[in-house]
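Input: a single structure, listed below in structure tokens.
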Amino acid sequence: MVAPGILLVDKPGGLTSHDVVARTRKALGTRKVGHAGTLDPMATGLLVLGVEGATRLLTYVVGADKTYSATIRLGEATSTDDAEGEIVRAADAAVMAEVTTAQIRDGITALTGDISQVPSTVSAIKVAGRRAYELVRAGEQVELKARTVTVSRFDVRDERRGSSHIDLDVVVDCSSGTYIRALARDLGDALGIGGHLTALRRTRIGPFDVADAVDLDSLAAAAPLTPATAAAAILQPLVVTEDDARALRHGKRLGDQAFRLDGALAAAIAPDGALVGIVEKRGGDLKSVMNMPEAGR
């Protein structure tokens, strides 16, 4: 039997997130594999996978902040806001020559902090039960609503100028639900020259870093994080007694223990190191909102 756990995988370009899940299922010999947070085929980097019972933890990973490294090309707008789409608008070389580094920095500053962002129409957001990108590919018009996201860091690491474009290598820290393609599009629009994404790599999801991830060729030999280790990285770890662990597994509350939580949730860990589940405050008590199978560690 495959042990439950959280597996960090470095996705290569050209594959969908589902492709990576399929390969992981084959390599580990189990159907019970899921992922937290899709990456486009063009993108590379960190995918957080849940294996067996640890798939229950993925819901607590999805909403974590993320870090991306990316390359934005200013001077060209595309139909998909990235390099996979067709160029729909290109700025004149004379116009590009007048764009200053200071103007670019001002545009980036305006896209930092809490911002209102309209996702790309080729995103996986559902519209009337169907993915937006499916509707676009079917030739339908798609209008997505703006949403508030947080960009806590938007740093330019390098600026390279050609005769008809400007390439920016950037690093972005952002809240879940932020579209880096949309940042590229909106920066280009603000400068009046268009923009799109030519490269994207996710390097962090919450406490998990791509430096600790395995590649696809190493899946079979990979050692996933135990549910307890992963949950304690995501949430406050809370060691409980064996009696309390038994009570939580049977749906009972832990009376007058809510004071032990710093936030709303915690990872309850039994004395033997097994993850009991995720607990939350209920008045002055603690109650389990997700239990792990008892074999899970």
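In the structure tokens, the first chain shown is A, the next is B, and so on; residue numbers restart at 1 for each chain, and ligands run from 1 in the order shown.
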
Q: Apply DSSP to the backbone of this structure and, from region 65-297 of chain A, keep only the residues in helix (DSSP H, G or I); write these as a ChimeraX atom specification.
A: /A:93-97,101-110,132-137,180-191,210-212,216-218,227-234,242-249,258-260

Q.
If we count only C-alpha atoms and set the cut-off at 12 Å, which residues sit around Ser116 (chain A), ignoring sequence neighbours fewer than 6 positions away in its own chain? Please answer as a PyMOL selection string.
A. chain A and resi 110+145-151+177-179+182-183+186

Expected file contents, prior selection, N, CA, C and O atoms, as a PDB file, in the first residue's frame:
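Generated output (selection_28.pdb):
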```pdb
ATOM      1  N   ALA A 110       1.917  50.648  -9.537  1.00  0.00           N
ATOM      2  CA  ALA A 110       0.453  50.707  -9.575  1.00  0.00           C
ATOM      3  C   ALA A 110      -0.179  49.326  -9.530  1.00  0.00           C
ATOM      4  O   ALA A 110      -1.362  49.192  -9.189  1.00  0.00           O
ATOM      5  N   LYS A 145     -15.328  38.745 -14.374  1.00  0.00           N
ATOM      6  CA  LYS A 145     -15.430  39.844 -13.420  1.00  0.00           C
ATOM      7  C   LYS A 145     -14.080  40.100 -12.745  1.00  0.00           C
ATOM      8  O   LYS A 145     -13.294  39.182 -12.523  1.00  0.00           O
ATOM      9  N   ALA A 146     -13.860  41.353 -12.435  1.00  0.00           N
ATOM     10  CA  ALA A 146     -12.646  41.722 -11.708  1.00  0.00           C
ATOM     11  C   ALA A 146     -12.702  41.158 -10.299  1.00  0.00           C
ATOM     12  O   ALA A 146     -13.774  40.994  -9.715  1.00  0.00           O
ATOM     13  N   ARG A 147     -11.542  40.855  -9.769  1.00  0.00           N
ATOM     14  CA  ARG A 147     -11.446  40.362  -8.393  1.00  0.00           C
ATOM     15  C   ARG A 147     -10.285  41.065  -7.701  1.00  0.00           C
ATOM     16  O   ARG A 147      -9.333  41.507  -8.352  1.00  0.00           O
ATOM     17  N   THR A 148     -10.381  41.170  -6.407  1.00  0.00           N
ATOM     18  CA  THR A 148      -9.309  41.801  -5.641  1.00  0.00           C
ATOM     19  C   THR A 148      -8.256  40.767  -5.285  1.00  0.00           C
ATOM     20  O   THR A 148      -8.572  39.708  -4.733  1.00  0.00           O
ATOM     21  N   VAL A 149      -7.015  41.058  -5.642  1.00  0.00           N
ATOM     22  CA  VAL A 149      -5.889  40.192  -5.302  1.00  0.00           C
ATOM     23  C   VAL A 149      -4.805  41.055  -4.661  1.00  0.00           C
ATOM     24  O   VAL A 149      -4.853  42.286  -4.724  1.00  0.00           O
ATOM     25  N   THR A 150      -3.832  40.397  -4.061  1.00  0.00           N
ATOM     26  CA  THR A 150      -2.743  41.114  -3.409  1.00  0.00           C
ATOM     27  C   THR A 150      -1.408  40.728  -4.023  1.00  0.00           C
ATOM     28  O   THR A 150      -1.061  39.548  -4.075  1.00  0.00           O
ATOM     29  N   VAL A 151      -0.700  41.724  -4.512  1.00  0.00           N
ATOM     30  CA  VAL A 151       0.659  41.538  -5.030  1.00  0.00           C
ATOM     31  C   VAL A 151       1.594  42.199  -4.027  1.00  0.00           C
ATOM     32  O   VAL A 151       1.705  43.425  -3.979  1.00  0.00           O
ATOM     33  N   GLY A 177      -4.978  33.080  -6.571  1.00  0.00           N
ATOM     34  CA  GLY A 177      -5.945  33.650  -7.504  1.00  0.00           C
ATOM     35  C   GLY A 177      -5.409  34.776  -8.352  1.00  0.00           C
ATOM     36  O   GLY A 177      -6.112  35.295  -9.214  1.00  0.00           O
ATOM     37  N   THR A 178      -4.147  35.158  -8.126  1.00  0.00           N
ATOM     38  CA  THR A 178      -3.521  36.200  -8.940  1.00  0.00           C
ATOM     39  C   THR A 178      -3.017  35.594 -10.241  1.00  0.00           C
ATOM     40  O   THR A 178      -2.392  34.534 -10.242  1.00  0.00           O
ATOM     41  N   TYR A 179      -3.272  36.266 -11.355  1.00  0.00           N
ATOM     42  CA  TYR A 179      -2.812  35.797 -12.656  1.00  0.00           C
ATOM     43  C   TYR A 179      -1.631  36.641 -13.117  1.00  0.00           C
ATOM     44  O   TYR A 179      -1.770  37.850 -13.310  1.00  0.00           O
ATOM     45  N   ALA A 182      -2.111  38.279 -16.399  1.00  0.00           N
ATOM     46  CA  ALA A 182      -2.901  39.513 -16.329  1.00  0.00           C
ATOM     47  C   ALA A 182      -2.034  40.690 -15.889  1.00  0.00           C
ATOM     48  O   ALA A 182      -2.250  41.823 -16.331  1.00  0.00           O
ATOM     49  N   LEU A 183      -1.057  40.443 -15.030  1.00  0.00           N
ATOM     50  CA  LEU A 183      -0.131  41.511 -14.639  1.00  0.00           C
ATOM     51  C   LEU A 183       0.656  41.986 -15.864  1.00  0.00           C
ATOM     52  O   LEU A 183       0.848  43.188 -16.061  1.00  0.00           O
ATOM     53  N   ASP A 186      -1.776  43.959 -18.097  1.00  0.00           N
ATOM     54  CA  ASP A 186      -2.162  45.253 -17.536  1.00  0.00           C
ATOM     55  C   ASP A 186      -1.001  46.237 -17.501  1.00  0.00           C
ATOM     56  O   ASP A 186      -1.201  47.447 -17.674  1.00  0.00           O
TER      57      ASP A 186
END
```

Could you give me, as CSV, every region 49-111 of chain A residue with an atom at most 12 Å from region 224-232 of chain A, plus its closest atom pair and distance in Å to one decimal, counting only C-alpha atoms, rows ordered by chain then number?
```
residue,atom,partner,partner_atom,distance
A:Leu49,CA,A:Pro224,CA,9.1
A:Gly50,CA,A:Pro224,CA,8.9
A:Val51,CA,A:Pro224,CA,8.3
A:Glu52,CA,A:Pro227,CA,10.2
A:Gly53,CA,A:Pro227,CA,8.5
A:Ala54,CA,A:Pro227,CA,5.9
A:Thr55,CA,A:Pro227,CA,9.4
A:Arg56,CA,A:Pro227,CA,9.5
A:Leu57,CA,A:Ala231,CA,7.1
A:Leu58,CA,A:Ala231,CA,9.7
A:Thr59,CA,A:Ala231,CA,11.1
A:Tyr60,CA,A:Ala231,CA,8.5
A:Val61,CA,A:Ala231,CA,9.2
```

So that I have them on file, write out the residues from the current selection with all heavy atoms, as a CSV table (one decimal), in the first residue's frame.
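So the final result, stored in result-v4.csv, reads:
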```
chain,number,residue,atom,x,y,z
A,49,LEU,N,1.4,17.9,-4.7
A,49,LEU,CA,0.5,16.8,-4.9
A,49,LEU,C,0.1,16.1,-3.6
A,49,LEU,O,1.0,16.0,-2.7
A,49,LEU,CB,1.1,15.8,-5.8
A,49,LEU,CG,1.6,16.2,-7.2
A,49,LEU,CD1,2.1,15.0,-8.0
A,49,LEU,CD2,0.5,16.9,-8.0
A,50,GLY,N,-1.1,15.7,-3.4
A,50,GLY,CA,-1.5,14.9,-2.3
A,50,GLY,C,-1.6,13.4,-2.7
A,50,GLY,O,-2.2,13.2,-3.8
A,51,VAL,N,-1.1,12.5,-1.9
A,51,VAL,CA,-1.2,11.1,-2.2
A,51,VAL,C,-2.0,10.4,-1.2
A,51,VAL,O,-1.8,10.6,0.0
A,51,VAL,CB,0.3,10.5,-2.3
A,51,VAL,CG1,0.2,9.0,-2.6
A,51,VAL,CG2,1.1,11.3,-3.3
A,52,GLU,N,-2.9,9.5,-1.6
A,52,GLU,CA,-3.8,8.7,-0.8
A,52,GLU,C,-4.5,9.7,0.2
A,52,GLU,O,-5.0,10.7,-0.3
A,52,GLU,CB,-3.0,7.7,0.0
A,52,GLU,CG,-2.3,6.6,-0.9
A,52,GLU,CD,-3.4,5.7,-1.5
A,52,GLU,OE1,-4.5,5.5,-1.0
A,52,GLU,OE2,-3.0,5.0,-2.5
A,53,GLY,N,-4.6,9.4,1.4
A,53,GLY,CA,-5.4,10.2,2.4
A,53,GLY,C,-5.0,11.6,2.5
A,53,GLY,O,-5.8,12.5,2.9
A,54,ALA,N,-3.7,11.9,2.1
A,54,ALA,CA,-3.2,13.3,2.3
A,54,ALA,C,-3.8,14.2,1.2
A,54,ALA,O,-3.6,15.4,1.3
A,54,ALA,CB,-1.7,13.3,2.1
A,55,THR,N,-4.6,13.7,0.3
A,55,THR,CA,-5.3,14.6,-0.6
A,55,THR,C,-6.3,15.5,0.1
A,55,THR,O,-6.6,16.6,-0.3
A,55,THR,CB,-6.1,13.8,-1.7
A,55,THR,OG1,-7.0,12.9,-1.0
A,55,THR,CG2,-5.2,13.0,-2.6
A,56,ARG,N,-6.6,15.0,1.3
A,56,ARG,CA,-7.5,15.9,2.2
A,56,ARG,C,-6.9,17.2,2.6
A,56,ARG,O,-7.6,18.1,3.0
A,56,ARG,CB,-8.0,15.1,3.4
A,56,ARG,CG,-8.7,13.8,3.1
A,56,ARG,CD,-9.2,13.1,4.3
A,56,ARG,NE,-9.7,11.7,4.0
A,56,ARG,CZ,-10.3,10.9,4.9
A,56,ARG,NH1,-10.4,11.4,6.2
A,56,ARG,NH2,-10.7,9.8,4.6
A,57,LEU,N,-5.6,17.2,2.6
A,57,LEU,CA,-4.8,18.4,3.0
A,57,LEU,C,-4.7,19.5,1.9
A,57,LEU,O,-4.4,20.6,2.2
A,57,LEU,CB,-3.4,18.0,3.5
A,57,LEU,CG,-3.3,17.2,4.7
A,57,LEU,CD1,-1.8,16.8,5.0
A,57,LEU,CD2,-3.8,18.0,5.9
A,58,LEU,N,-5.0,19.1,0.7
A,58,LEU,CA,-4.8,20.0,-0.4
A,58,LEU,C,-5.7,21.2,-0.3
A,58,LEU,O,-5.3,22.3,-0.7
A,58,LEU,CB,-5.0,19.3,-1.7
A,58,LEU,CG,-4.1,18.2,-2.1
A,58,LEU,CD1,-4.4,17.5,-3.4
A,58,LEU,CD2,-2.6,18.7,-2.1
A,59,THR,N,-6.8,21.1,0.3
A,59,THR,CA,-7.7,22.3,0.4
A,59,THR,C,-7.1,23.4,1.3
A,59,THR,O,-7.4,24.5,1.1
A,59,THR,CB,-9.1,21.8,1.0
A,59,THR,OG1,-10.0,22.9,1.0
A,59,THR,CG2,-8.9,21.3,2.4
A,60,TYR,N,-6.2,23.0,2.1
A,60,TYR,CA,-5.5,23.9,3.0
A,60,TYR,C,-4.2,24.5,2.4
A,60,TYR,O,-3.6,25.4,2.9
A,60,TYR,CB,-5.1,23.3,4.4
A,60,TYR,CG,-6.4,22.7,5.0
A,60,TYR,CD1,-6.7,21.4,5.0
A,60,TYR,CD2,-7.3,23.6,5.7
A,60,TYR,CE1,-7.8,20.9,5.6
A,60,TYR,CE2,-8.4,23.1,6.3
A,60,TYR,CZ,-8.7,21.7,6.2
A,60,TYR,OH,-9.8,21.2,6.8
A,61,VAL,N,-3.9,24.0,1.2
A,61,VAL,CA,-2.7,24.5,0.4
A,61,VAL,C,-3.1,25.4,-0.7
A,61,VAL,O,-2.4,26.4,-0.9
A,61,VAL,CB,-1.9,23.3,-0.2
A,61,VAL,CG1,-0.7,23.8,-1.0
A,61,VAL,CG2,-1.5,22.3,0.9
```

Q) With distances taken over only C-alpha atoms, which of A:Ser120, A:Ser176, A:Gln257, A:Thr24 is nearest to Gly37 (chain A)? A) A:Ser176

Q) Which is closer to Val21 (chain A) than all the others in A:Ala247, A:Val88, A:Ile278, A:Leu8, using only C-alpha atoms? A)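 Looking only at the distances to Val21 (chain A), the closest residue turns out to be A:Leu8.
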
Q. CA of Gly206 (chain A) to CA of Asp158 (chain A): how many Å, to one decimal?
A. 25.4 Å

Q: To one decimal in Å, tell me the separation between CA of Thr241 (chain A) and CA of Ala264 (chain A).
A: 20.3 Å

Q.
So the first atom is CA of Ser69 (chain A) and the second is CA of Ser163 (chain A); what is the distance between them in Å, to one decimal place?
A.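 Interatomic distance, CA of Ser69 (chain A) to CA of Ser163 (chain A): 24.2 Å.
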
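Using only C-alpha atoms, the protein and nucleic acid residues lying no more than 8 Å from Asp173 (chain A), apart from those fewer than 6 places from it along its own chain, are Asp65, Lys66, Thr67, Tyr68, Val151, Ser152, Arg153 and Phe154 of chain A.
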